[in-house]
Amino acid sequence: MDRVVLSHAGDVARLAAHRIAEALRADPELVLGLATGRTMERIYAELVRMHRAEGLCFAGCRTFNLDEYVCLGPDDPGSYRHYMNRHLFDLVDIDVARTHVPDGLAPDMQAEGLRYEALIRQSGGIGLQLLGLGENGHIGFNEPMSPLSSRTRAVALTPETRRQNSGMFASDTSGNDASRVPSRAITMGIGTILEAREILLVVTGMIKAAPLADALDGPPGLLAPASALRHHPQCHLIADAEAASWLRKLPDQCL
Ligand code: GLP
């Protein structure tokens, strides 16, 4: 995995967005894997800016999101479908019928996982997968102990992850309340993620220094789901100086 470390989170987001734009320009029918979370918001804002200022076109591409909360529908502001519409899909020229997020309201999660995997396959597989890192080292919602061969499926979220994501469910009266975060999600598996032809792992902030060091330098294994990325032939880390501060190996590029 090559590593690029930049001083500020804003620069990280710009570089990640530029890599996505470059891939989209090279292949307007690119199949993009997308992620959610605070880290991604700046990347999407930059892509929207490029669409408006530079005519970056999304019309031909297809997208697959990593995950969705079980029991949340597209109208729920906490759902990842709502997040994607708000931060990207409603703001660019993408055809919403070509955007895919696992269905958190599907009556049969096992069937939904199979349907999602089949759709990815029929689309030719994911060309470029955008990926963040959870504070406990998860990728997508593959929590520690997720099998390397896992595919899209429903999973239970750890109390830590529900607490970490509670900011997205805050209300005026309750503040950040982990009990408002659904206890289950449907997520692409580690096996699904590893099949993407290229992966962009984007990590920012001091809170991610330990999980990033575990992922890249610690003992590889199920306790650090992101350590599975080490053997991917085209996985690129873009991190800010804070997130990279516990890494042992010097970055390939320090801009
Ligand atoms: C959620 C998503 C992950 C994402 C993580 C990090 O848990 N399921 O895909 O990597 O959030 O979020 P943040 O960028 O807010 O730290």
# chains A, B, ... in the order shown; residues from 1 in each chain; ligands from 1

$ closest_atom_pairs --of "chain A" --to "ligand 1" --cutoff "6 Å" --atoms "only C-alpha atoms and all ligand atoms" --output "tab-separated table"
residue	atom	partner	partner_atom_place_in_ligand_line	distance
A:Ala35	CA	ligand 1	9 (O)	5.3
A:Thr36	CA	ligand 1	2 (C)	5.4
A:Gly37	CA	ligand 1	15 (O)	3.6
A:Arg38	CA	ligand 1	15 (O)	3.7
A:Thr39	CA	ligand 1	14 (O)	3.7
A:Gly132	CA	ligand 1	10 (O)	3.4
A:Leu133	CA	ligand 1	10 (O)	4.0
A:Gly134	CA	ligand 1	6 (C)	4.4
A:Ile139	CA	ligand 1	9 (O)	5.5
A:Gly140	CA	ligand 1	9 (O)	3.7
A:Phe141	CA	ligand 1	8 (N)	4.8

$ closest_atom_pairs --of "stretch 180-232 of chain A" --to "stretch 71-83 of chain A" --cutoff "9 Å" --atoms "only C-alpha atoms" --output "CSV"
residue,atom,partner,partner_atom,distance
A:Val181,CA,A:Gly78,CA,8.3
A:Pro182,CA,A:Cys71,CA,7.5
A:Arg184,CA,A:Cys71,CA,8.2
A:Ala185,CA,A:Cys71,CA,8.3

$ residues_around --residues "stretch 218-226 of chain A" --least-positions-apart "5" --cutoff "12 Å" --atoms "only C-alpha atoms" --output "ChimeraX atom specification"
/A:1,131-150,189-191,193-194,199,201-203,210-213,231-232,235,237,246-249

$ residues_around --residues "A:Val101" --least-positions-apart "2" --cutoff "7 Å" --atoms "only C-alpha atoms" --output "list of chain:residue names"
A:Phe64, A:Asn65, A:Asp67, A:Glu68, A:Arg81, A:Thr99, A:Asp103

$ write_last_selection --atoms "N, CA, C and O atoms" --output "tab-separated table (two decimals), in the first residue's frame"
chain	number	residue	atom	x	y	z
A	64	PHE	N	-21.89	2.25	-5.87
A	64	PHE	CA	-22.33	1.28	-4.86
A	64	PHE	C	-21.81	1.75	-3.51
A	64	PHE	O	-20.59	1.86	-3.32
A	65	ASN	N	-22.71	2.01	-2.58
A	65	ASN	CA	-22.25	2.37	-1.24
A	65	ASN	C	-21.90	1.12	-0.43
A	65	ASN	O	-22.43	0.05	-0.67
A	67	ASP	N	-22.45	0.52	2.79
A	67	ASP	CA	-23.29	0.01	3.87
A	67	ASP	C	-24.52	0.87	4.11
A	67	ASP	O	-24.65	1.98	3.57
A	68	GLU	N	-25.41	0.35	4.96
A	68	GLU	CA	-26.63	1.07	5.35
A	68	GLU	C	-27.09	0.51	6.70
A	68	GLU	O	-26.82	-0.65	7.02
A	81	ARG	N	-28.45	6.42	2.70
A	81	ARG	CA	-29.04	6.87	1.42
A	81	ARG	C	-29.34	8.38	1.53
A	81	ARG	O	-29.04	9.14	0.62
A	99	THR	N	-27.40	4.77	-8.81
A	99	THR	CA	-26.76	4.83	-7.49
A	99	THR	C	-27.36	3.73	-6.62
A	99	THR	O	-28.57	3.56	-6.60
A	103	ASP	N	-30.39	-1.95	0.84
A	103	ASP	CA	-31.71	-1.55	1.31
A	103	ASP	C	-31.88	-1.93	2.78
A	103	ASP	O	-32.04	-3.11	3.11

$ residues_around --residues "A:Gln129" --least-positions-apart "6" --cutoff "8 Å" --atoms "only C-alpha atoms" --output "PDB file with N, CA, C and O atoms, in the first residue's frame"
ATOM      1  N   LEU A  32     -18.078   3.206  -9.162  1.00  0.00           N
ATOM      2  CA  LEU A  32     -17.449   3.793  -7.986  1.00  0.00           C
ATOM      3  C   LEU A  32     -18.021   3.177  -6.713  1.00  0.00           C
ATOM      4  O   LEU A  32     -19.253   3.097  -6.571  1.00  0.00           O
ATOM      5  N   GLY A  33     -17.171   2.793  -5.804  1.00  0.00           N
ATOM      6  CA  GLY A  33     -17.626   2.367  -4.484  1.00  0.00           C
ATOM      7  C   GLY A  33     -17.541   3.571  -3.559  1.00  0.00           C
ATOM      8  O   GLY A  33     -16.508   4.244  -3.525  1.00  0.00           O
ATOM      9  N   LEU A  34     -18.616   3.850  -2.831  1.00  0.00           N
ATOM     10  CA  LEU A  34     -18.640   5.072  -2.019  1.00  0.00           C
ATOM     11  C   LEU A  34     -18.800   4.755  -0.533  1.00  0.00           C
ATOM     12  O   LEU A  34     -19.323   3.711  -0.155  1.00  0.00           O
ATOM     13  N   ILE A 193     -15.014  -5.924  -0.579  1.00  0.00           N
ATOM     14  CA  ILE A 193     -14.195  -4.710  -0.681  1.00  0.00           C
ATOM     15  C   ILE A 193     -12.866  -5.019  -1.387  1.00  0.00           C
ATOM     16  O   ILE A 193     -12.415  -4.264  -2.251  1.00  0.00           O
ATOM     17  N   ALA A 196     -12.451  -4.812  -5.259  1.00  0.00           N
ATOM     18  CA  ALA A 196     -12.374  -3.551  -6.013  1.00  0.00           C
ATOM     19  C   ALA A 196     -11.000  -3.481  -6.678  1.00  0.00           C
ATOM     20  O   ALA A 196      -9.993  -3.885  -6.082  1.00  0.00           O
ATOM     21  N   ARG A 197     -10.970  -2.957  -7.903  1.00  0.00           N
ATOM     22  CA  ARG A 197      -9.687  -2.946  -8.618  1.00  0.00           C
ATOM     23  C   ARG A 197      -8.710  -1.940  -8.000  1.00  0.00           C
ATOM     24  O   ARG A 197      -7.510  -2.136  -8.016  1.00  0.00           O
ATOM     25  N   GLU A 198      -9.250  -0.853  -7.453  1.00  0.00           N
ATOM     26  CA  GLU A 198      -8.393   0.138  -6.781  1.00  0.00           C
ATOM     27  C   GLU A 198      -9.123   0.610  -5.520  1.00  0.00           C
ATOM     28  O   GLU A 198     -10.346   0.763  -5.535  1.00  0.00           O
ATOM     29  N   ILE A 199      -8.376   0.850  -4.467  1.00  0.00           N
ATOM     30  CA  ILE A 199      -8.984   1.303  -3.206  1.00  0.00           C
ATOM     31  C   ILE A 199      -8.261   2.565  -2.741  1.00  0.00           C
ATOM     32  O   ILE A 199      -7.030   2.636  -2.749  1.00  0.00           O
ATOM     33  N   LEU A 200      -9.061   3.540  -2.341  1.00  0.00           N
ATOM     34  CA  LEU A 200      -8.522   4.786  -1.792  1.00  0.00           C
ATOM     35  C   LEU A 200      -8.914   4.835  -0.322  1.00  0.00           C
ATOM     36  O   LEU A 200     -10.087   5.019   0.004  1.00  0.00           O
TER      37      LEU A 200
END

$ decode --residues "stretch 90-138 of chain A" --atoms "N, CA and C atoms" --output "PDB file, in the first residue's frame"
ATOM      1  N   ASP A  90     -27.820  14.568  -4.968  1.00  0.00           N
ATOM      2  CA  ASP A  90     -28.760  15.646  -5.331  1.00  0.00           C
ATOM      3  C   ASP A  90     -28.033  16.871  -5.891  1.00  0.00           C
ATOM      4  N   LEU A  91     -26.710  16.876  -5.814  1.00  0.00           N
ATOM      5  CA  LEU A  91     -25.966  18.094  -6.142  1.00  0.00           C
ATOM      6  C   LEU A  91     -25.155  17.973  -7.424  1.00  0.00           C
ATOM      7  N   VAL A  92     -25.159  16.773  -8.031  1.00  0.00           N
ATOM      8  CA  VAL A  92     -24.425  16.581  -9.285  1.00  0.00           C
ATOM      9  C   VAL A  92     -25.366  15.946 -10.315  1.00  0.00           C
ATOM     10  N   ASP A  93     -24.835  15.687 -11.521  1.00  0.00           N
ATOM     11  CA  ASP A  93     -25.682  15.205 -12.620  1.00  0.00           C
ATOM     12  C   ASP A  93     -25.751  13.682 -12.681  1.00  0.00           C
ATOM     13  N   ILE A  94     -25.734  13.040 -11.525  1.00  0.00           N
ATOM     14  CA  ILE A  94     -25.770  11.569 -11.529  1.00  0.00           C
ATOM     15  C   ILE A  94     -27.215  11.100 -11.743  1.00  0.00           C
ATOM     16  N   ASP A  95     -27.358   9.955 -12.401  1.00  0.00           N
ATOM     17  CA  ASP A  95     -28.675   9.355 -12.586  1.00  0.00           C
ATOM     18  C   ASP A  95     -28.952   8.517 -11.333  1.00  0.00           C
ATOM     19  N   VAL A  96     -29.955   8.921 -10.565  1.00  0.00           N
ATOM     20  CA  VAL A  96     -30.181   8.284  -9.269  1.00  0.00           C
ATOM     21  C   VAL A  96     -30.446   6.776  -9.416  1.00  0.00           C
ATOM     22  N   ALA A  97     -30.959   6.367 -10.570  1.00  0.00           N
ATOM     23  CA  ALA A  97     -31.215   4.931 -10.799  1.00  0.00           C
ATOM     24  C   ALA A  97     -29.902   4.147 -10.890  1.00  0.00           C
ATOM     25  N   ARG A  98     -28.804   4.858 -11.098  1.00  0.00           N
ATOM     26  CA  ARG A  98     -27.497   4.186 -11.174  1.00  0.00           C
ATOM     27  C   ARG A  98     -26.732   4.290  -9.854  1.00  0.00           C
ATOM     28  N   THR A  99     -27.400   4.772  -8.808  1.00  0.00           N
ATOM     29  CA  THR A  99     -26.760   4.828  -7.487  1.00  0.00           C
ATOM     30  C   THR A  99     -27.359   3.726  -6.624  1.00  0.00           C
ATOM     31  N   HIS A 100     -26.507   2.977  -5.962  1.00  0.00           N
ATOM     32  CA  HIS A 100     -26.997   1.828  -5.192  1.00  0.00           C
ATOM     33  C   HIS A 100     -26.493   1.905  -3.749  1.00  0.00           C
ATOM     34  N   VAL A 101     -27.429   1.700  -2.839  1.00  0.00           N
ATOM     35  CA  VAL A 101     -27.103   1.618  -1.411  1.00  0.00           C
ATOM     36  C   VAL A 101     -27.856   0.383  -0.927  1.00  0.00           C
ATOM     37  N   PRO A 102     -27.246  -0.474  -0.103  1.00  0.00           N
ATOM     38  CA  PRO A 102     -28.015  -1.624   0.386  1.00  0.00           C
ATOM     39  C   PRO A 102     -29.332  -1.141   1.003  1.00  0.00           C
ATOM     40  N   ASP A 103     -30.387  -1.952   0.836  1.00  0.00           N
ATOM     41  CA  ASP A 103     -31.709  -1.547   1.308  1.00  0.00           C
ATOM     42  C   ASP A 103     -31.878  -1.931   2.779  1.00  0.00           C
ATOM     43  N   GLY A 104     -31.852  -0.940   3.649  1.00  0.00           N
ATOM     44  CA  GLY A 104     -31.964  -1.185   5.091  1.00  0.00           C
ATOM     45  C   GLY A 104     -33.353  -1.640   5.500  1.00  0.00           C
ATOM     46  N   LEU A 105     -34.330  -1.520   4.590  1.00  0.00           N
ATOM     47  CA  LEU A 105     -35.698  -1.933   4.914  1.00  0.00           C
ATOM     48  C   LEU A 105     -36.066  -3.271   4.274  1.00  0.00           C
ATOM     49  N   ALA A 106     -35.102  -3.903   3.610  1.00  0.00           N
ATOM     50  CA  ALA A 106     -35.400  -5.179   2.937  1.00  0.00           C
ATOM     51  C   ALA A 106     -35.945  -6.181   3.964  1.00  0.00           C
ATOM     52  N   PRO A 107     -36.990  -6.926   3.593  1.00  0.00           N
ATOM     53  CA  PRO A 107     -37.579  -7.872   4.559  1.00  0.00           C
ATOM     54  C   PRO A 107     -36.655  -9.054   4.873  1.00  0.00           C
ATOM     55  N   ASP A 108     -35.765  -9.376   3.918  1.00  0.00           N
ATOM     56  CA  ASP A 108     -34.881 -10.527   4.110  1.00  0.00           C
ATOM     57  C   ASP A 108     -33.445 -10.059   3.835  1.00  0.00           C
ATOM     58  N   MET A 109     -32.672  -9.871   4.897  1.00  0.00           N
ATOM     59  CA  MET A 109     -31.329  -9.298   4.749  1.00  0.00           C
ATOM     60  C   MET A 109     -30.374 -10.234   3.985  1.00  0.00           C
ATOM     61  N   GLN A 110     -30.583 -11.522   4.158  1.00  0.00           N
ATOM     62  CA  GLN A 110     -29.704 -12.455   3.440  1.00  0.00           C
ATOM     63  C   GLN A 110     -29.938 -12.325   1.925  1.00  0.00           C
ATOM     64  N   ALA A 111     -31.211 -12.225   1.548  1.00  0.00           N
ATOM     65  CA  ALA A 111     -31.540 -12.067   0.128  1.00  0.00           C
ATOM     66  C   ALA A 111     -31.031 -10.716  -0.371  1.00  0.00           C
ATOM     67  N   GLU A 112     -31.122  -9.689   0.464  1.00  0.00           N
ATOM     68  CA  GLU A 112     -30.649  -8.361   0.056  1.00  0.00           C
ATOM     69  C   GLU A 112     -29.129  -8.379  -0.176  1.00  0.00           C
ATOM     70  N   GLY A 113     -28.409  -9.091   0.679  1.00  0.00           N
ATOM     71  CA  GLY A 113     -26.958  -9.208   0.501  1.00  0.00           C
ATOM     72  C   GLY A 113     -26.621  -9.879  -0.824  1.00  0.00           C
ATOM     73  N   LEU A 114     -27.351 -10.945  -1.128  1.00  0.00           N
ATOM     74  CA  LEU A 114     -27.104 -11.668  -2.386  1.00  0.00           C
ATOM     75  C   LEU A 114     -27.451 -10.786  -3.580  1.00  0.00           C
ATOM     76  N   ARG A 115     -28.576 -10.049  -3.469  1.00  0.00           N
ATOM     77  CA  ARG A 115     -29.005  -9.164  -4.569  1.00  0.00           C
ATOM     78  C   ARG A 115     -27.929  -8.100  -4.813  1.00  0.00           C
ATOM     79  N   TYR A 116     -27.391  -7.537  -3.742  1.00  0.00           N
ATOM     80  CA  TYR A 116     -26.402  -6.462  -3.865  1.00  0.00           C
ATOM     81  C   TYR A 116     -25.117  -6.981  -4.506  1.00  0.00           C
ATOM     82  N   GLU A 117     -24.673  -8.141  -4.058  1.00  0.00           N
ATOM     83  CA  GLU A 117     -23.470  -8.748  -4.634  1.00  0.00           C
ATOM     84  C   GLU A 117     -23.661  -9.020  -6.131  1.00  0.00           C
ATOM     85  N   ALA A 118     -24.860  -9.535  -6.486  1.00  0.00           N
ATOM     86  CA  ALA A 118     -25.124  -9.858  -7.892  1.00  0.00           C
ATOM     87  C   ALA A 118     -25.107  -8.586  -8.737  1.00  0.00           C
ATOM     88  N   LEU A 119     -25.665  -7.510  -8.179  1.00  0.00           N
ATOM     89  CA  LEU A 119     -25.714  -6.231  -8.895  1.00  0.00           C
ATOM     90  C   LEU A 119     -24.297  -5.688  -9.139  1.00  0.00           C
ATOM     91  N   ILE A 120     -23.444  -5.818  -8.141  1.00  0.00           N
ATOM     92  CA  ILE A 120     -22.045  -5.376  -8.298  1.00  0.00           C
ATOM     93  C   ILE A 120     -21.385  -6.193  -9.411  1.00  0.00           C
ATOM     94  N   ARG A 121     -21.611  -7.496  -9.373  1.00  0.00           N
ATOM     95  CA  ARG A 121     -21.014  -8.383 -10.397  1.00  0.00           C
ATOM     96  C   ARG A 121     -21.511  -8.025 -11.785  1.00  0.00           C
ATOM     97  N   GLN A 122     -22.858  -7.844 -11.900  1.00  0.00           N
ATOM     98  CA  GLN A 122     -23.440  -7.531 -13.218  1.00  0.00           C
ATOM     99  C   GLN A 122     -22.919  -6.202 -13.759  1.00  0.00           C
ATOM    100  N   SER A 123     -22.518  -5.312 -12.854  1.00  0.00           N
ATOM    101  CA  SER A 123     -22.013  -4.007 -13.276  1.00  0.00           C
ATOM    102  C   SER A 123     -20.536  -4.076 -13.653  1.00  0.00           C
ATOM    103  N   GLY A 124     -19.945  -5.245 -13.561  1.00  0.00           N
ATOM    104  CA  GLY A 124     -18.548  -5.399 -13.945  1.00  0.00           C
ATOM    105  C   GLY A 124     -17.577  -5.255 -12.786  1.00  0.00           C
ATOM    106  N   GLY A 125     -18.094  -5.160 -11.555  1.00  0.00           N
ATOM    107  CA  GLY A 125     -17.218  -5.025 -10.384  1.00  0.00           C
ATOM    108  C   GLY A 125     -16.863  -3.563 -10.132  1.00  0.00           C
ATOM    109  N   ILE A 126     -16.383  -3.303  -8.934  1.00  0.00           N
ATOM    110  CA  ILE A 126     -16.076  -1.913  -8.548  1.00  0.00           C
ATOM    111  C   ILE A 126     -14.688  -1.520  -9.061  1.00  0.00           C
ATOM    112  N   GLY A 127     -14.630  -0.403  -9.762  1.00  0.00           N
ATOM    113  CA  GLY A 127     -13.368   0.072 -10.315  1.00  0.00           C
ATOM    114  C   GLY A 127     -12.546   0.792  -9.263  1.00  0.00           C
ATOM    115  N   LEU A 128     -13.186   1.719  -8.563  1.00  0.00           N
ATOM    116  CA  LEU A 128     -12.483   2.518  -7.542  1.00  0.00           C
ATOM    117  C   LEU A 128     -13.354   2.578  -6.292  1.00  0.00           C
ATOM    118  N   GLN A 129     -12.802   2.109  -5.182  1.00  0.00           N
ATOM    119  CA  GLN A 129     -13.554   2.080  -3.919  1.00  0.00           C
ATOM    120  C   GLN A 129     -12.976   3.114  -2.948  1.00  0.00           C
ATOM    121  N   LEU A 130     -13.844   4.028  -2.524  1.00  0.00           N
ATOM    122  CA  LEU A 130     -13.468   5.015  -1.504  1.00  0.00           C
ATOM    123  C   LEU A 130     -13.745   4.383  -0.146  1.00  0.00           C
ATOM    124  N   LEU A 131     -12.784   4.514   0.766  1.00  0.00           N
ATOM    125  CA  LEU A 131     -12.904   3.801   2.039  1.00  0.00           C
ATOM    126  C   LEU A 131     -12.422   4.673   3.198  1.00  0.00           C
ATOM    127  N   GLY A 132     -13.192   4.677   4.287  1.00  0.00           N
ATOM    128  CA  GLY A 132     -12.744   5.343   5.509  1.00  0.00           C
ATOM    129  C   GLY A 132     -12.351   4.285   6.537  1.00  0.00           C
ATOM    130  N   LEU A 133     -12.020   4.755   7.731  1.00  0.00           N
ATOM    131  CA  LEU A 133     -11.593   3.837   8.796  1.00  0.00           C
ATOM    132  C   LEU A 133     -12.352   4.192  10.072  1.00  0.00           C
ATOM    133  N   GLY A 134     -12.948   3.184  10.696  1.00  0.00           N
ATOM    134  CA  GLY A 134     -13.639   3.421  11.966  1.00  0.00           C
ATOM    135  C   GLY A 134     -12.631   3.560  13.098  1.00  0.00           C
ATOM    136  N   GLU A 135     -13.080   4.121  14.213  1.00  0.00           N
ATOM    137  CA  GLU A 135     -12.168   4.315  15.348  1.00  0.00           C
ATOM    138  C   GLU A 135     -11.724   2.973  15.929  1.00  0.00           C
ATOM    139  N   ASN A 136     -12.513   1.925  15.720  1.00  0.00           N
ATOM    140  CA  ASN A 136     -12.095   0.593  16.185  1.00  0.00           C
ATOM    141  C   ASN A 136     -11.482  -0.219  15.049  1.00  0.00           C
ATOM    142  N   GLY A 137     -11.158   0.456  13.959  1.00  0.00           N
ATOM    143  CA  GLY A 137     -10.484  -0.218  12.847  1.00  0.00           C
ATOM    144  C   GLY A 137     -11.417  -0.818  11.817  1.00  0.00           C
ATOM    145  N   HIS A 138     -12.750  -0.562  11.946  1.00  0.00           N
ATOM    146  CA  HIS A 138     -13.638  -1.203  10.973  1.00  0.00           C
ATOM    147  C   HIS A 138     -13.528  -0.557   9.596  1.00  0.00           C
TER     148      HIS A 138
END
